[in-house]
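Note sheet for the following structure.
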Amino acid sequence: MIIKTHKSIPSSEITDPAVFKQRRQLIKAMLALGITGSGVYSGFADAKEAPLTATSADIVKNHTNYYEFTYNKTDATALAQALPIDPWSVEITGEVEQPGVYHLEDLLSQQTLKEYIYRFRCVEAWSMVVPWVGFPLASLLKKVKPLSSAQFVQFTTLFDPKSMPNQADNRMLDWPYVEGLRMDEAMHPLTILATGMYGDSLPKQNGAPLRLVVPWKYGFKSIKAIVKIELLKRAPLSTWSKSAPNDYGFYANVNPDVPHPRWSQSSERVLGAGFFTPRRKTQLFNGYADEVAGLYSNMDLRHFF
Ligand SMILES: Nc1nc2c(c(=O)[nH]1)N[C@H]1C(S)=C(S)[C@@H](COP(=O)(O)O)O[C@H]1N2
Ligand SMILES: [Mo]
C-alpha cells in the first residue's frame with residue numbers, strides 16, 4: 001500500500017538497502033508467474049504489419065542518450081553506474097488530492113507490472129523496438145487523485161551533480177531535465193512508467209529506477225530517473241523546448257511530415273538492421289495513430305509540433 005509522507009524525508013530513511021534486490025526479484029517473480037504477460041497494447045498498433053520484433057538487448061543497453069552523463073551514445077553504460085538509485089522516492093505534488101513523497105517500493109507494490117513491446121523513435125531519426133516492463137502512468141495518477149484543475153503533468157529527473165557530471169555546468173541544458181504531458185496524454189493507456197526491460201530490471205543508463213515511455217512521441221519526452229511528478233494547471237516548459245524552441249516542441253509527436261529544421265523526419269535508421277537494410281518510413285504517431293490521433297483531432301500538428 002502507499003505510505004504517504006507529507007514532507008520530504010532524508011533519502012537515507014526511506015528504504016532498506018535490501019529492498020533494491022527485492023525489487024529486482026519482484027520484477028522477475030511477476031514475470032515468471034505470468035502476472036505480467038504481454039501488455040494489452042503490445043503490437044496491436046501494428047496489426048496491419050508484421051508483429052514487432054524487439055531490437056537486441058545488447059544494442060538498446062549500449063546505445064543511449066543520457067546527457068546528464070555524456071553527450072555520446074556509448075559512455076552512459078559505464079558512467080551511469082555511479083547513479084544512486086536505492087533508496088528512491090518520488091514526490092507527487094501540485095493539483096492533486098494526495099500529494100506526498102512516496103517510496104518507490106510502495107508505488108510499485110500497488111501496480112501490476114506488464115511487458116509493453118513498443119516502437120521507440122528518437123528525434124535524431126533512429127529507432128528501435130523495446131520490450132519494456134512497467135505499468136500505465138494513469139494507474140499511478142488515479143491513486144493520488146488529480147484535481148479537476150490538473151491540465152498537465154510535469155516530470156523531473158534527479159539532480160545529483162556528484163554522479164551526473166554534466167549537471168555541474170549549464171552549458172548544454174538547464175538541469176534538472178524536465179518533461180511534460182497534457183493530462184489526456186498522461187492518462188492514455190499507451191503511456192507507461194517503466195521499471196524494467198527485457199524481463200529484468202531497468203539498466204541505469206536506460207533510466208532506472210523509473211522512467212516515462214510515451215511511444216508515439218520522440219524519445220526525448222521519455223524522461224529518465226524520475227524523482228518528481230507535478231500536476232499543473234498550465235503547460236510546463238520542458239528542457240528541450242526551452243533550449244531550442246524552434247527545434248523541439250512541447251508535443252513532439254512523431255510525424256514524418258513535420259521536418260526538424262535541420263533534417264527530414266520522413267524516414268529512420270533502424271538500430272540493429274543490416275548495413276544494406278533500407279531506412280524505415282516513419283509513421284505518423286510512430287505507428288500508434290489508431291490509438292492516439294483522436295487526442296489531436298482539432299490541432300494543427302505543424303503549429304503544435
Ligand atoms: N533525464 C534524461 N532523460 C532522457 C534523456 C536525457 O538525456 N536525460 N534523453 C532522452 C532522449 S533524447 C532519448 S532518445 C531517450 C533515450 O532512451 P534510451 O537511452 O533508454 O534509449 O531518453 C530520453 N530521456
Ligand atoms: Mo532522443
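In the C-alpha cells, each chain is lettered A, B, ... as it comes, each chain's residues begin at 1, and ligands are numbered from 1 in order of appearance.
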Next item on the list: Show me which residues sit within 8 Å of ligand 1 when counting only C-alpha atoms and all ligand atoms, and put them as a PyMOL selection string.
Entry: chain A and resi 60-61+63-69+73+120-124+156-158+176-178+205-207+211+218-226
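For range 280-290 of chain A, the list of residues within 6 Å, based on only C-alpha atoms and with local chain neighbours fewer than 2 positions off taken out, reads Ala45, Trp216, Asn253, Val254, Asn255, Pro256, Ser266, Ser267, Glu268, Val292 and Ala293 of chain A.
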Next item on the list: Can you work out the spacing between CA of Ala82 in chain A and CA of Thr195 in chain A in Å, to one decimal?
Entry: 18.1 Å
Next item on the list: Please identify which residues in range 224-258 of chain A DSSP calls strand (DSSP E) from the backbone, and express them as JSON, numbers by chain.
Entry: {"A": [226, 227, 228, 229, 230, 231, 232]}
Next item on the list: Identify which of the residues A:Trp240, A:Pro278, A:Leu140, A:Lys228 lies closest to ligand 2, counting only C-alpha atoms and all ligand atoms when measuring atom-to-atom distances.
Entry: A:Trp240
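Taking CA of Arg302 in chain A and CA of Pro236 in chain A as endpoints, the distance between them is 19.8 Å.
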Next item on the list: Using DSSP on the backbone coordinates, identify all residues within range 66-201 of chain A classified as helix (DSSP H, G or I); present the result as number ranges by chain.
Entry: A: 76-82, 104-109, 137-144, 165-168, 183-186
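Between ligand 2 and the residues A:Tyr71, A:Phe304, A:Tyr198, A:Tyr118, the shortest atom-to-atom distance, using only C-alpha atoms and all ligand atoms, involves A:Tyr71.
Nearest-residue note for Thr53 in chain A: choosing from A:Met197, A:Met128, A:Val133, A:Ala244, the minimum distance belongs to A:Met128, counting only C-alpha atoms.
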